[in-house]
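Participant: Okay, here's the structure, questions in a sec.
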Amino acid sequence: MRSVVLSGFMATGKSTVGRLVADALGLPFLDTDARIAEETGRTVGELFAAEGEARFRDREARTILPLLADGVARVIAFGGGSMTIPRVRHAALEAATVITLTAAPETIAARAVSIAERPNLGAASPLERARDLLALRREVYGECHGSIATDALSPEEIAARVVALAERDAVAIPLGSRSYAVELGDARPGHLTAALEALAPSSLVTVTDENVVTMRASWLDAALAPLDLRETRVVLRPGEAFKSIASVSRVWDAALEAGIDRQAVVVAFGGGVVGDLAGFAASTLLRGVRCVQAPTTLLAMVDSSVGGKTGFDHAAGKNLLGAFFQPSRVVVDLEHLKTLPPRERRAGLAEVVKIALVRDAPLFATLEQNAEAIAKGDRAVLRDVVRAAIVAKMRVVREDEHEEGVRALLNLGHTVGHALESHGGYARWLHGEAIAIGTVLEIAAAERLGLSPAGASRQAAALFERFGLPTSVDAAAIEAAWPYVMSDKKRTRTAVKLPVVTARGEGRVERVELDALFAAVCPER
Ligand code: GLY
């Protein structure tokens, strides 16, 4: 079991609840303020007053970081400001399940009156201070795996909720007040039920496609039935060819016809196409209603459901219209892979290889070591791979939500891959297959341009081939598809931002002239 961190403002009950949670889980309990007092022989209030906030936070980080890195599972109550230290916050979110305990400023002020040692609340007006600090820390406290409003609950009730959250396997996507958890399960429709319950929707708009509904409707029905909510179901034609404004319109029409209000939630139940369309529809309906992504393909689980890219295709090219719109929750259930056609499963692996190539050498090694089990669809191995890919993507999105820098790395293979897909009318290749070809061609081109080490494309191609993915296409097809590169949204006037592999598991984005890229992709023309 992972450690549990209780975060949140002072006087939200972190220590009292922490002890109860530790007893329930059979883990040791530790309060970081108490640990610092033990280490220094001085109270936190004294240290805060003597050395000022910046030095105190540094001291706090030096106490907390080893506790998150030593591999011992424990329940840790953080100080109220510990999560304001980015390196502590990121380490906690990766190493532990972080639960934020929240309370209204009035509750905090009333509780804190009786508490002597509160360096940050001051004596003059605890209510004003609580309001100010809560507003300042809203984004920081939003970064967690789950949060619990404590005002009306007993410590025992709060502890029971923390224990339930701690028993889940989730990756937190930390984006301030737009943060959310990606929950992993296997044959657990109840996870979607609970995720939706927590959002307290007024009604649901479920977006799915004909293939998904044939294979997975019983899972979806099992998840939604206990909610007893009005549900409008939109079943789209499947495939990239239907990733169009017409499909978005169908969602808009159905939702507005049903008279949804702004408390409605859109549930995207399908692969990447359904997720992108439903997310975009949610971002625009009534100027934005919440969206829960429940991906059913491997590609959607490891890539498209996480990170908030939504949109649809245009005749001029793929994904040319859309918006960044983060979901409120992502619920991944590995059981969907059982009924996923093997070709779709293999295509999903292309995005895993992609992120491993540019960001995660250990994941690349895992893929190489377990290629046969992964290709066969071994769910235990796939679960680890899916989790690792989501964590790798989280690290990129956390750093660059709107693709102003490092996120462009995730477009490896997409400049050429999208052009091939668009040119082929989305009929010849699945998205992941086109990405596998595009990745190999782009890395080979980068090698010719002196931007990637020799042999990088061969290594990528070898892994794709073990997964049964295509890695090449004839030069005439590339030449025919090239006009779509010219219209790709990632180009500047005459150049593209090309992700290049620089070492095992590492990438960099380079500006490459389109003419030079074409010559390097198609050296024989
Ligand atoms: N699929 C690439 C990204 O989310 O940035």
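To be explicit about the labels: the chains of the structure tokens are called A, B, and onward in the order shown, and within each one the residues are counted from 1, while ligands get numbers from 1 in the order they are shown.
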Can you list every residue of chain A that has an atom at most 7 Å from ligand 1, with its nearest atom pair and the distance in Å to one decimal, using only C-alpha atoms and all ligand atoms, ordered by chain then number, as CSV?
Facilitator:
```
residue,atom,partner,partner_atom_place_in_ligand_line,distance
A:Asp303,CA,ligand 1,1 (N),5.5
A:Ser304,CA,ligand 1,1 (N),5.4
A:Val306,CA,ligand 1,4 (O),6.9
A:Gly307,CA,ligand 1,4 (O),5.5
A:Lys309,CA,ligand 1,4 (O),5.8
A:Glu403,CA,ligand 1,5 (O),7.0
A:Arg407,CA,ligand 1,5 (O),5.6
A:Ala408,CA,ligand 1,5 (O),6.6
A:Leu410,CA,ligand 1,2 (C),4.9
A:Asn411,CA,ligand 1,2 (C),5.8
```
Participant: Please produce an output containing all heavy atoms for each residue in the selection, written as a compact mmCIF listing (two decimals), in the first residue's frame.
Facilitator:
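selection_5.txt, freshly written:
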```txt
# COMPACT_ATOMS: atom_id res chain seq x y z
N ASP A 303 -3.30 7.84 -23.19
CA ASP A 303 -2.96 9.12 -23.81
C ASP A 303 -4.13 10.09 -23.87
O ASP A 303 -4.17 11.08 -23.16
CB ASP A 303 -2.38 8.88 -25.22
CG ASP A 303 -1.80 10.15 -25.83
OD1 ASP A 303 -1.05 10.84 -25.13
OD2 ASP A 303 -2.09 10.44 -27.00
N SER A 304 -5.13 9.80 -24.71
CA SER A 304 -6.06 10.88 -25.05
C SER A 304 -7.02 11.27 -23.94
O SER A 304 -7.52 12.39 -23.93
CB SER A 304 -6.84 10.51 -26.33
OG SER A 304 -7.56 9.33 -26.15
N VAL A 306 -6.29 11.74 -20.89
CA VAL A 306 -5.56 12.50 -19.86
C VAL A 306 -4.95 13.74 -20.49
O VAL A 306 -4.31 13.65 -21.54
CB VAL A 306 -4.43 11.62 -19.25
CG1 VAL A 306 -3.62 12.40 -18.24
CG2 VAL A 306 -5.01 10.37 -18.63
N GLY A 307 -5.15 14.88 -19.89
CA GLY A 307 -4.43 16.08 -20.36
C GLY A 307 -5.29 17.14 -21.00
O GLY A 307 -4.83 18.23 -21.27
N LYS A 309 -6.87 17.57 -24.00
CA LYS A 309 -7.01 17.95 -25.40
C LYS A 309 -8.35 17.42 -25.92
O LYS A 309 -8.64 16.23 -25.79
CB LYS A 309 -5.88 17.37 -26.24
CG LYS A 309 -4.60 18.17 -26.15
CD LYS A 309 -3.61 17.70 -27.20
CE LYS A 309 -2.32 18.50 -27.12
NZ LYS A 309 -1.30 17.99 -28.06
N GLU A 403 0.74 23.17 -24.05
CA GLU A 403 1.69 22.88 -25.14
C GLU A 403 2.42 24.13 -25.63
O GLU A 403 2.41 24.44 -26.81
CB GLU A 403 0.96 22.18 -26.29
CG GLU A 403 1.95 21.44 -27.19
CD GLU A 403 1.25 20.62 -28.27
OE1 GLU A 403 0.44 19.73 -27.93
OE2 GLU A 403 1.53 20.88 -29.43
N ARG A 407 5.35 19.85 -23.79
CA ARG A 407 4.26 18.95 -24.20
C ARG A 407 4.34 18.62 -25.69
O ARG A 407 3.84 17.57 -26.12
CB ARG A 407 2.89 19.55 -23.84
CG ARG A 407 1.75 18.59 -24.11
CD ARG A 407 0.47 18.96 -23.41
NE ARG A 407 -0.59 18.03 -23.75
CZ ARG A 407 -1.79 18.03 -23.23
NH1 ARG A 407 -2.09 18.91 -22.29
NH2 ARG A 407 -2.70 17.15 -23.60
N ALA A 408 4.97 19.49 -26.47
CA ALA A 408 5.11 19.20 -27.90
C ALA A 408 5.87 17.88 -28.12
O ALA A 408 5.75 17.26 -29.19
CB ALA A 408 5.82 20.35 -28.60
N LEU A 410 5.09 15.16 -26.96
CA LEU A 410 4.09 14.10 -27.12
C LEU A 410 3.57 14.02 -28.55
O LEU A 410 2.78 13.15 -28.88
CB LEU A 410 2.93 14.30 -26.15
CG LEU A 410 3.29 14.35 -24.67
CD1 LEU A 410 2.05 14.45 -23.81
CD2 LEU A 410 4.10 13.12 -24.26
N ASN A 411 4.01 14.95 -29.39
CA ASN A 411 3.62 14.90 -30.80
C ASN A 411 4.63 14.11 -31.64
O ASN A 411 4.55 14.14 -32.88
CB ASN A 411 3.47 16.32 -31.36
CG ASN A 411 2.37 17.08 -30.63
OD1 ASN A 411 1.40 16.49 -30.18
ND2 ASN A 411 2.55 18.38 -30.46
```
Participant: For A:Arg19, find every residue with an atom within 9 Å (counting only C-alpha atoms), except residues of its own chain fewer than 2 positions away, and show them as a VMD selection string.
Facilitator: chain A and resid 14 to 17 21 to 24 28 to 30 75 77 159
Participant: Please produce a file of those selected residues containing N, CA, C and O atoms, as a PDB file, in the first residue's frame.
Facilitator:
```pdb
ATOM      1  N   LYS A  14      -6.332  17.128  10.594  1.00  0.00           N
ATOM      2  CA  LYS A  14      -5.405  16.196   9.926  1.00  0.00           C
ATOM      3  C   LYS A  14      -4.786  15.190  10.914  1.00  0.00           C
ATOM      4  O   LYS A  14      -4.690  14.010  10.619  1.00  0.00           O
ATOM      5  N   SER A  15      -4.380  15.688  12.085  1.00  0.00           N
ATOM      6  CA  SER A  15      -3.698  14.782  13.021  1.00  0.00           C
ATOM      7  C   SER A  15      -4.672  13.798  13.656  1.00  0.00           C
ATOM      8  O   SER A  15      -4.393  12.590  13.740  1.00  0.00           O
ATOM      9  N   THR A  16      -5.821  14.294  14.089  1.00  0.00           N
ATOM     10  CA  THR A  16      -6.810  13.404  14.716  1.00  0.00           C
ATOM     11  C   THR A  16      -7.243  12.330  13.717  1.00  0.00           C
ATOM     12  O   THR A  16      -7.252  11.129  14.023  1.00  0.00           O
ATOM     13  N   VAL A  17      -7.582  12.782  12.512  1.00  0.00           N
ATOM     14  CA  VAL A  17      -8.037  11.829  11.487  1.00  0.00           C
ATOM     15  C   VAL A  17      -6.890  10.900  11.092  1.00  0.00           C
ATOM     16  O   VAL A  17      -7.081   9.692  10.912  1.00  0.00           O
ATOM     17  N   VAL A  21      -6.905   6.865  10.749  1.00  0.00           N
ATOM     18  CA  VAL A  21      -6.638   6.201   9.462  1.00  0.00           C
ATOM     19  C   VAL A  21      -5.489   5.210   9.626  1.00  0.00           C
ATOM     20  O   VAL A  21      -5.532   4.078   9.125  1.00  0.00           O
ATOM     21  N   ALA A  22      -4.447   5.636  10.339  1.00  0.00           N
ATOM     22  CA  ALA A  22      -3.287   4.759  10.555  1.00  0.00           C
ATOM     23  C   ALA A  22      -3.718   3.479  11.274  1.00  0.00           C
ATOM     24  O   ALA A  22      -3.320   2.372  10.897  1.00  0.00           O
ATOM     25  N   ASP A  23      -4.569   3.618  12.292  1.00  0.00           N
ATOM     26  CA  ASP A  23      -5.062   2.427  13.021  1.00  0.00           C
ATOM     27  C   ASP A  23      -5.835   1.517  12.067  1.00  0.00           C
ATOM     28  O   ASP A  23      -5.633   0.310  12.046  1.00  0.00           O
ATOM     29  N   ALA A  24      -6.697   2.137  11.269  1.00  0.00           N
ATOM     30  CA  ALA A  24      -7.547   1.326  10.375  1.00  0.00           C
ATOM     31  C   ALA A  24      -6.712   0.592   9.334  1.00  0.00           C
ATOM     32  O   ALA A  24      -7.023  -0.539   8.958  1.00  0.00           O
ATOM     33  N   PRO A  28       2.054   3.040  10.428  1.00  0.00           N
ATOM     34  CA  PRO A  28       2.495   4.034  11.417  1.00  0.00           C
ATOM     35  C   PRO A  28       1.977   5.424  11.053  1.00  0.00           C
ATOM     36  O   PRO A  28       1.732   5.712   9.880  1.00  0.00           O
ATOM     37  N   PHE A  29       1.854   6.277  12.083  1.00  0.00           N
ATOM     38  CA  PHE A  29       1.373   7.645  11.855  1.00  0.00           C
ATOM     39  C   PHE A  29       2.484   8.627  12.174  1.00  0.00           C
ATOM     40  O   PHE A  29       3.268   8.444  13.103  1.00  0.00           O
ATOM     41  N   LEU A  30       2.518   9.702  11.401  1.00  0.00           N
ATOM     42  CA  LEU A  30       3.536  10.726  11.632  1.00  0.00           C
ATOM     43  C   LEU A  30       2.960  12.105  11.310  1.00  0.00           C
ATOM     44  O   LEU A  30       2.287  12.268  10.291  1.00  0.00           O
ATOM     45  N   VAL A  75       0.992   6.875   7.348  1.00  0.00           N
ATOM     46  CA  VAL A  75       0.006   7.955   7.232  1.00  0.00           C
ATOM     47  C   VAL A  75       0.697   9.209   7.761  1.00  0.00           C
ATOM     48  O   VAL A  75       1.227   9.219   8.867  1.00  0.00           O
ATOM     49  N   ALA A  77       0.436  13.348   8.421  1.00  0.00           N
ATOM     50  CA  ALA A  77      -0.320  14.607   8.453  1.00  0.00           C
ATOM     51  C   ALA A  77       0.659  15.727   8.149  1.00  0.00           C
ATOM     52  O   ALA A  77       1.642  15.917   8.879  1.00  0.00           O
ATOM     53  N   ALA A 159     -12.334   9.746   8.633  1.00  0.00           N
ATOM     54  CA  ALA A 159     -11.328   8.678   8.517  1.00  0.00           C
ATOM     55  C   ALA A 159     -11.837   7.560   7.609  1.00  0.00           C
ATOM     56  O   ALA A 159     -11.085   7.032   6.774  1.00  0.00           O
TER      57      ALA A 159
END
```
Participant: Considering only C-alpha atoms, return as a PyMOL selection string whatever protein or nucleic-acid residues lie within 6 Å of stretch 226-234 of chain A, sequence-local ones (same chain, fewer than 6 positions apart) excluded.
Facilitator: chain A and resi 203-207
Participant: I need the residue nearest A:Met83 from this list: A:Leu449, A:Val140, A:Met301, A:Ala103. Use only C-alpha atoms for the distance.
Facilitator: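 For A:Met83, the nearest of the candidates is A:Val140.
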Participant: Find the residue from A:Thr193, A:Leu320, A:Val391, A:Ser244 that sits nearest to A:Asp221; use only C-alpha atoms when measuring.
Facilitator: A:Thr193
